[in-house]
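Text of input_37.pdb, listed as PDB, C-alpha atoms:
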ATOM      1  CA  PRO A  14     111.853 -34.113 108.140
ATOM      2  CA  GLN A  15     113.760 -30.935 108.897
ATOM      3  CA  VAL A  16     114.393 -29.416 112.333
ATOM      4  CA  ARG A  17     115.330 -25.861 113.248
ATOM      5  CA  VAL A  18     116.496 -25.298 116.831
ATOM      6  CA  CYS A  19     116.766 -21.913 118.518
ATOM      7  CA  GLY A  20     117.658 -22.211 122.177
ATOM      8  CA  LYS A  21     114.810 -23.938 124.013
ATOM      9  CA  MET A  22     112.477 -23.815 120.992
ATOM     10  CA  ALA A  23     112.478 -26.056 117.908
ATOM     11  CA  VAL A  24     110.332 -26.444 114.803
ATOM     12  CA  LEU A  25     109.951 -29.747 112.970
ATOM     13  CA  PHE A  26     108.466 -29.699 109.479
ATOM     14  CA  TYR A  27     107.804 -32.485 107.012
ATOM     15  CA  ARG A  28     105.450 -33.780 104.303
ATOM     16  CA  PHE A  29     103.046 -36.587 105.168
ATOM     17  CA  LEU A  30     100.950 -38.826 102.888
ATOM     18  CA  SER A  31      97.640 -40.089 104.310
ATOM     19  CA  THR A  32      96.628 -43.329 102.624
ATOM     20  CA  ARG A  33      93.186 -44.798 102.002
ATOM     21  CA  LEU A  34      93.031 -48.591 101.547
ATOM     22  CA  ARG A  35      90.539 -50.893  99.855
ATOM     23  CA  PRO A  36      89.190 -53.920 101.760
ATOM     24  CA  ASP A  37      91.786 -56.110  99.997
ATOM     25  CA  GLY A  38      94.608 -53.884 101.291
ATOM     26  CA  ALA A  39      95.392 -52.208  97.957
ATOM     27  CA  VAL A  40      95.980 -48.452  97.981
ATOM     28  CA  ALA A  41      92.832 -46.554  96.918
ATOM     29  CA  GLY A  42      94.310 -43.060  97.233
ATOM     30  CA  ARG A  43      96.772 -40.773  98.960
ATOM     31  CA  LYS A  44      96.622 -37.137 100.044
ATOM     32  CA  PRO A  45      99.744 -35.039 100.703
ATOM     33  CA  TRP A  46      99.998 -32.773 103.754
ATOM     34  CA  ASN A  47     102.519 -30.177 104.922
ATOM     35  CA  CYS A  48     103.040 -30.644 108.658
ATOM     36  CA  SER A  49     104.797 -28.615 111.334
ATOM     37  CA  GLU A  50     105.279 -29.036 115.071
ATOM     38  CA  VAL A  51     106.664 -26.506 117.525
ATOM     39  CA  PHE A  52     108.558 -27.875 120.526
ATOM     40  CA  ARG A  53     109.673 -26.175 123.737
ATOM     41  CA  GLN A  54     112.157 -27.555 126.228
ATOM     42  CA  ILE A  55     110.436 -27.666 129.624
ATOM     43  CA  ASP A  56     112.266 -29.072 132.677
ATOM     44  CA  GLY A  57     114.791 -30.795 130.400
ATOM     45  CA  GLN A  58     112.114 -32.495 128.237
ATOM     46  CA  TRP A  59     111.057 -31.514 124.700
ATOM     47  CA  ARG A  60     107.280 -30.985 124.573
ATOM     48  CA  ILE A  61     105.043 -30.238 121.587
ATOM     49  CA  ILE A  62     103.296 -26.923 122.174
ATOM     50  CA  HIS A  63     101.725 -26.526 118.712
ATOM     51  CA  THR A  64     101.052 -28.674 115.668
ATOM     52  CA  HIS A  65      99.601 -27.825 112.253
ATOM     53  CA  TRP A  66      98.702 -29.851 109.155
ATOM     54  CA  SER A  67      97.754 -28.285 105.810
ATOM     55  CA  LEU A  68      96.318 -30.313 102.952
ATOM     56  CA  ILE A  69      98.261 -29.667  99.754
ATOM     57  CA  ASN A  70      95.342 -28.912  97.423
ATOM     58  CA  GLY A  71      95.703 -29.623  93.743
ATOM     59  CA  VAL A  72      98.359 -32.319  94.202
ATOM     60  CA  ARG A  73      97.146 -35.813  93.406
ATOM     61  CA  VAL A  74      99.751 -38.396  94.366
ATOM     62  CA  TYR A  75      97.649 -41.453  93.490
ATOM     63  CA  SER A  76      93.931 -41.896  93.136
ATOM     64  CA  GLU A  77      91.616 -44.146  91.221
TER      65      GLU A  77
END

How does this structure look as structure tokens?
Amino acid sequence: PQVRVCGKMAVLFYRFLSTRLRPDGAVAGRKPWNCSEVFRQIDGQWRIIHTHWSLINGVRVYSE
């Protein structure tokens, strides 16, 4: 993950893999996502004020 802080605002962005499992626990497939979260410092606490996930179409990490 990467974080950019500007005063009382911060943006966290990262790539996430959602995983689908078979009944035996083996990996059936994965989908990659770009994710971002916007934080704001409110009363000394960092709070998420916005989140966004975008499926990375066309990228197949593993699938059967």

In the coordinate frame of the file, compute which residues have an atom within 10 Å of (102.9, -32.9, 116.9) when using all atoms listed in the file, and state them as an MDAnalysis selection string. chainID A and resid 25:26 48:52 60:66

Please write as a list in words the list of polymer residues whose atoms come within 8 Å of (101.6, -34.9, 104.4), counting all atoms listed in the file and keeping to the coordinates of the file. Tyr27, Arg28, Phe29, Leu30, Ser31, Lys44, Pro45, Trp46, Asn47, Cys48, Trp66, Ser67, Leu68 and Ile69 of chain A

Residue nearest Arg53 of chain A among A:Ala39, A:Ala23, A:Arg33, A:Asn70 (counting all atoms listed in the file): A:Ala23

Run the PyMOL selection byres ((chain A and resi 21) around 10) mentally over the shown coordinates, then write out the matched residues as number ranges by chain, using the chain letters and numbers from the document. A: 18-20, 22-23, 52-55, 57-59

Selected segment 15-31 of chain A, written as a PDB file, in the first residue's frame, all heavy atoms:
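Final output, result.pdb:
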ATOM      1  N   GLN A  15       0.315   2.311  -0.544  1.00  0.00           N
ATOM      2  CA  GLN A  15       0.976   3.617  -0.526  1.00  0.00           C
ATOM      3  C   GLN A  15       0.036   4.624   0.129  1.00  0.00           C
ATOM      4  O   GLN A  15      -1.185   4.515  -0.004  1.00  0.00           O
ATOM      5  CB  GLN A  15       1.307   4.068  -1.938  1.00  0.00           C
ATOM      6  CG  GLN A  15       2.337   3.173  -2.610  1.00  0.00           C
ATOM      7  CD  GLN A  15       2.749   3.723  -3.964  1.00  0.00           C
ATOM      8  OE1 GLN A  15       2.772   4.926  -4.178  1.00  0.00           O
ATOM      9  NE2 GLN A  15       3.072   2.827  -4.872  1.00  0.00           N
ATOM     10  N   VAL A  16       0.612   5.581   0.841  1.00  0.00           N
ATOM     11  CA  VAL A  16      -0.164   6.612   1.534  1.00  0.00           C
ATOM     12  C   VAL A  16       0.374   7.979   1.156  1.00  0.00           C
ATOM     13  O   VAL A  16       1.592   8.194   1.135  1.00  0.00           O
ATOM     14  CB  VAL A  16      -0.084   6.449   3.073  1.00  0.00           C
ATOM     15  CG1 VAL A  16      -0.854   7.549   3.776  1.00  0.00           C
ATOM     16  CG2 VAL A  16      -0.591   5.082   3.493  1.00  0.00           C
ATOM     17  N   ARG A  17      -0.519   8.889   0.868  1.00  0.00           N
ATOM     18  CA  ARG A  17      -0.165  10.289   0.622  1.00  0.00           C
ATOM     19  C   ARG A  17      -0.924  11.130   1.647  1.00  0.00           C
ATOM     20  O   ARG A  17      -2.147  11.045   1.738  1.00  0.00           O
ATOM     21  CB  ARG A  17      -0.570  10.738  -0.789  1.00  0.00           C
ATOM     22  CG  ARG A  17       0.065   9.951  -1.903  1.00  0.00           C
ATOM     23  CD  ARG A  17       1.538  10.339  -2.049  1.00  0.00           C
ATOM     24  NE  ARG A  17       2.123   9.699  -3.203  1.00  0.00           N
ATOM     25  CZ  ARG A  17       2.878   8.618  -3.168  1.00  0.00           C
ATOM     26  NH1 ARG A  17       3.142   8.051  -2.033  1.00  0.00           N
ATOM     27  NH2 ARG A  17       3.383   8.101  -4.262  1.00  0.00           N
ATOM     28  N   VAL A  18      -0.184  11.901   2.434  1.00  0.00           N
ATOM     29  CA  VAL A  18      -0.781  12.730   3.481  1.00  0.00           C
ATOM     30  C   VAL A  18      -0.620  14.191   3.122  1.00  0.00           C
ATOM     31  O   VAL A  18       0.442  14.626   2.684  1.00  0.00           O
ATOM     32  CB  VAL A  18      -0.119  12.450   4.851  1.00  0.00           C
ATOM     33  CG1 VAL A  18      -0.734  13.325   5.935  1.00  0.00           C
ATOM     34  CG2 VAL A  18      -0.241  10.980   5.214  1.00  0.00           C
ATOM     35  N   CYS A  19      -1.700  14.934   3.295  1.00  0.00           N
ATOM     36  CA  CYS A  19      -1.696  16.385   3.055  1.00  0.00           C
ATOM     37  C   CYS A  19      -2.503  17.025   4.178  1.00  0.00           C
ATOM     38  O   CYS A  19      -3.736  17.074   4.122  1.00  0.00           O
ATOM     39  CB  CYS A  19      -2.295  16.704   1.693  1.00  0.00           C
ATOM     40  SG  CYS A  19      -2.214  18.448   1.280  1.00  0.00           S
ATOM     41  N   GLY A  20      -1.804  17.450   5.210  1.00  0.00           N
ATOM     42  CA  GLY A  20      -2.484  18.052   6.351  1.00  0.00           C
ATOM     43  C   GLY A  20      -3.368  17.050   7.065  1.00  0.00           C
ATOM     44  O   GLY A  20      -2.906  16.014   7.523  1.00  0.00           O
ATOM     45  N   LYS A  21      -4.667  17.344   7.133  1.00  0.00           N
ATOM     46  CA  LYS A  21      -5.619  16.477   7.821  1.00  0.00           C
ATOM     47  C   LYS A  21      -6.350  15.534   6.866  1.00  0.00           C
ATOM     48  O   LYS A  21      -7.365  14.941   7.217  1.00  0.00           O
ATOM     49  CB  LYS A  21      -6.624  17.311   8.598  1.00  0.00           C
ATOM     50  CG  LYS A  21      -5.985  18.064   9.745  1.00  0.00           C
ATOM     51  CD  LYS A  21      -7.005  18.744  10.607  1.00  0.00           C
ATOM     52  CE  LYS A  21      -6.292  19.392  11.773  1.00  0.00           C
ATOM     53  NZ  LYS A  21      -7.181  19.594  12.893  1.00  0.00           N
ATOM     54  N   MET A  22      -5.815  15.399   5.641  1.00  0.00           N
ATOM     55  CA  MET A  22      -6.372  14.467   4.663  1.00  0.00           C
ATOM     56  C   MET A  22      -5.282  13.473   4.257  1.00  0.00           C
ATOM     57  O   MET A  22      -4.103  13.814   4.238  1.00  0.00           O
ATOM     58  CB  MET A  22      -6.863  15.204   3.410  1.00  0.00           C
ATOM     59  CG  MET A  22      -7.948  16.215   3.669  1.00  0.00           C
ATOM     60  SD  MET A  22      -9.544  15.473   3.972  1.00  0.00           S
ATOM     61  CE  MET A  22      -9.959  14.919   2.347  1.00  0.00           C
ATOM     62  N   ALA A  23      -5.685  12.253   3.928  1.00  0.00           N
ATOM     63  CA  ALA A  23      -4.737  11.237   3.467  1.00  0.00           C
ATOM     64  C   ALA A  23      -5.454  10.310   2.495  1.00  0.00           C
ATOM     65  O   ALA A  23      -6.656  10.071   2.609  1.00  0.00           O
ATOM     66  CB  ALA A  23      -4.187  10.441   4.640  1.00  0.00           C
ATOM     67  N   VAL A  24      -4.697   9.798   1.525  1.00  0.00           N
ATOM     68  CA  VAL A  24      -5.224   8.826   0.578  1.00  0.00           C
ATOM     69  C   VAL A  24      -4.365   7.572   0.651  1.00  0.00           C
ATOM     70  O   VAL A  24      -3.135   7.648   0.589  1.00  0.00           O
ATOM     71  CB  VAL A  24      -5.239   9.374  -0.865  1.00  0.00           C
ATOM     72  CG1 VAL A  24      -5.754   8.323  -1.838  1.00  0.00           C
ATOM     73  CG2 VAL A  24      -6.077  10.638  -0.958  1.00  0.00           C
ATOM     74  N   LEU A  25      -5.006   6.435   0.803  1.00  0.00           N
ATOM     75  CA  LEU A  25      -4.354   5.138   0.812  1.00  0.00           C
ATOM     76  C   LEU A  25      -4.751   4.439  -0.477  1.00  0.00           C
ATOM     77  O   LEU A  25      -5.936   4.404  -0.825  1.00  0.00           O
ATOM     78  CB  LEU A  25      -4.838   4.322   2.011  1.00  0.00           C
ATOM     79  CG  LEU A  25      -4.474   2.843   2.058  1.00  0.00           C
ATOM     80  CD1 LEU A  25      -2.979   2.655   2.284  1.00  0.00           C
ATOM     81  CD2 LEU A  25      -5.270   2.131   3.130  1.00  0.00           C
ATOM     82  N   PHE A  26      -3.778   3.908  -1.215  1.00  0.00           N
ATOM     83  CA  PHE A  26      -4.136   3.139  -2.406  1.00  0.00           C
ATOM     84  C   PHE A  26      -3.287   1.883  -2.481  1.00  0.00           C
ATOM     85  O   PHE A  26      -2.140   1.847  -2.050  1.00  0.00           O
ATOM     86  CB  PHE A  26      -4.075   3.969  -3.689  1.00  0.00           C
ATOM     87  CG  PHE A  26      -2.827   4.764  -3.891  1.00  0.00           C
ATOM     88  CD1 PHE A  26      -1.811   4.290  -4.699  1.00  0.00           C
ATOM     89  CD2 PHE A  26      -2.654   6.007  -3.276  1.00  0.00           C
ATOM     90  CE1 PHE A  26      -0.664   5.027  -4.901  1.00  0.00           C
ATOM     91  CE2 PHE A  26      -1.511   6.750  -3.476  1.00  0.00           C
ATOM     92  CZ  PHE A  26      -0.518   6.255  -4.292  1.00  0.00           C
ATOM     93  N   TYR A  27      -3.929   0.830  -3.013  1.00  0.00           N
ATOM     94  CA  TYR A  27      -3.297  -0.492  -3.034  1.00  0.00           C
ATOM     95  C   TYR A  27      -4.014  -1.385  -4.034  1.00  0.00           C
ATOM     96  O   TYR A  27      -5.090  -1.057  -4.527  1.00  0.00           O
ATOM     97  CB  TYR A  27      -3.332  -1.130  -1.642  1.00  0.00           C
ATOM     98  CG  TYR A  27      -4.713  -1.254  -1.041  1.00  0.00           C
ATOM     99  CD1 TYR A  27      -5.430  -2.454  -1.141  1.00  0.00           C
ATOM    100  CD2 TYR A  27      -5.313  -0.185  -0.380  1.00  0.00           C
ATOM    101  CE1 TYR A  27      -6.684  -2.572  -0.592  1.00  0.00           C
ATOM    102  CE2 TYR A  27      -6.572  -0.307   0.168  1.00  0.00           C
ATOM    103  CZ  TYR A  27      -7.254  -1.488   0.058  1.00  0.00           C
ATOM    104  OH  TYR A  27      -8.511  -1.601   0.601  1.00  0.00           O
ATOM    105  N   ARG A  28      -3.424  -2.533  -4.341  1.00  0.00           N
ATOM    106  CA  ARG A  28      -4.036  -3.552  -5.189  1.00  0.00           C
ATOM    107  C   ARG A  28      -4.447  -4.712  -4.285  1.00  0.00           C
ATOM    108  O   ARG A  28      -3.717  -5.112  -3.385  1.00  0.00           O
ATOM    109  CB  ARG A  28      -3.068  -4.035  -6.248  1.00  0.00           C
ATOM    110  CG  ARG A  28      -3.707  -5.039  -7.192  1.00  0.00           C
ATOM    111  CD  ARG A  28      -2.880  -5.250  -8.408  1.00  0.00           C
ATOM    112  NE  ARG A  28      -3.035  -4.093  -9.272  1.00  0.00           N
ATOM    113  CZ  ARG A  28      -2.396  -3.946 -10.417  1.00  0.00           C
ATOM    114  NH1 ARG A  28      -1.551  -4.871 -10.827  1.00  0.00           N
ATOM    115  NH2 ARG A  28      -2.583  -2.880 -11.161  1.00  0.00           N
ATOM    116  N   PHE A  29      -5.632  -5.239  -4.559  1.00  0.00           N
ATOM    117  CA  PHE A  29      -6.215  -6.309  -3.754  1.00  0.00           C
ATOM    118  C   PHE A  29      -6.599  -7.466  -4.667  1.00  0.00           C
ATOM    119  O   PHE A  29      -7.088  -7.242  -5.780  1.00  0.00           O
ATOM    120  CB  PHE A  29      -7.455  -5.770  -3.029  1.00  0.00           C
ATOM    121  CG  PHE A  29      -8.205  -6.803  -2.236  1.00  0.00           C
ATOM    122  CD1 PHE A  29      -7.763  -7.171  -0.982  1.00  0.00           C
ATOM    123  CD2 PHE A  29      -9.345  -7.398  -2.749  1.00  0.00           C
ATOM    124  CE1 PHE A  29      -8.456  -8.122  -0.242  1.00  0.00           C
ATOM    125  CE2 PHE A  29     -10.041  -8.346  -2.016  1.00  0.00           C
ATOM    126  CZ  PHE A  29      -9.597  -8.702  -0.765  1.00  0.00           C
ATOM    127  N   LEU A  30      -6.380  -8.699  -4.233  1.00  0.00           N
ATOM    128  CA  LEU A  30      -6.800  -9.879  -4.984  1.00  0.00           C
ATOM    129  C   LEU A  30      -7.938 -10.564  -4.229  1.00  0.00           C
ATOM    130  O   LEU A  30      -7.755 -11.024  -3.105  1.00  0.00           O
ATOM    131  CB  LEU A  30      -5.653 -10.877  -5.155  1.00  0.00           C
ATOM    132  CG  LEU A  30      -4.487 -10.438  -6.017  1.00  0.00           C
ATOM    133  CD1 LEU A  30      -3.377 -11.488  -5.964  1.00  0.00           C
ATOM    134  CD2 LEU A  30      -4.925 -10.207  -7.444  1.00  0.00           C
ATOM    135  N   SER A  31      -9.141 -10.615  -4.836  1.00  0.00           N
ATOM    136  CA  SER A  31     -10.218 -11.405  -4.233  1.00  0.00           C
ATOM    137  C   SER A  31     -10.033 -12.838  -4.716  1.00  0.00           C
ATOM    138  O   SER A  31      -9.677 -13.079  -5.868  1.00  0.00           O
ATOM    139  CB  SER A  31     -11.594 -10.853  -4.596  1.00  0.00           C
ATOM    140  OG  SER A  31     -11.799 -10.837  -5.989  1.00  0.00           O
TER     141      SER A  31
END
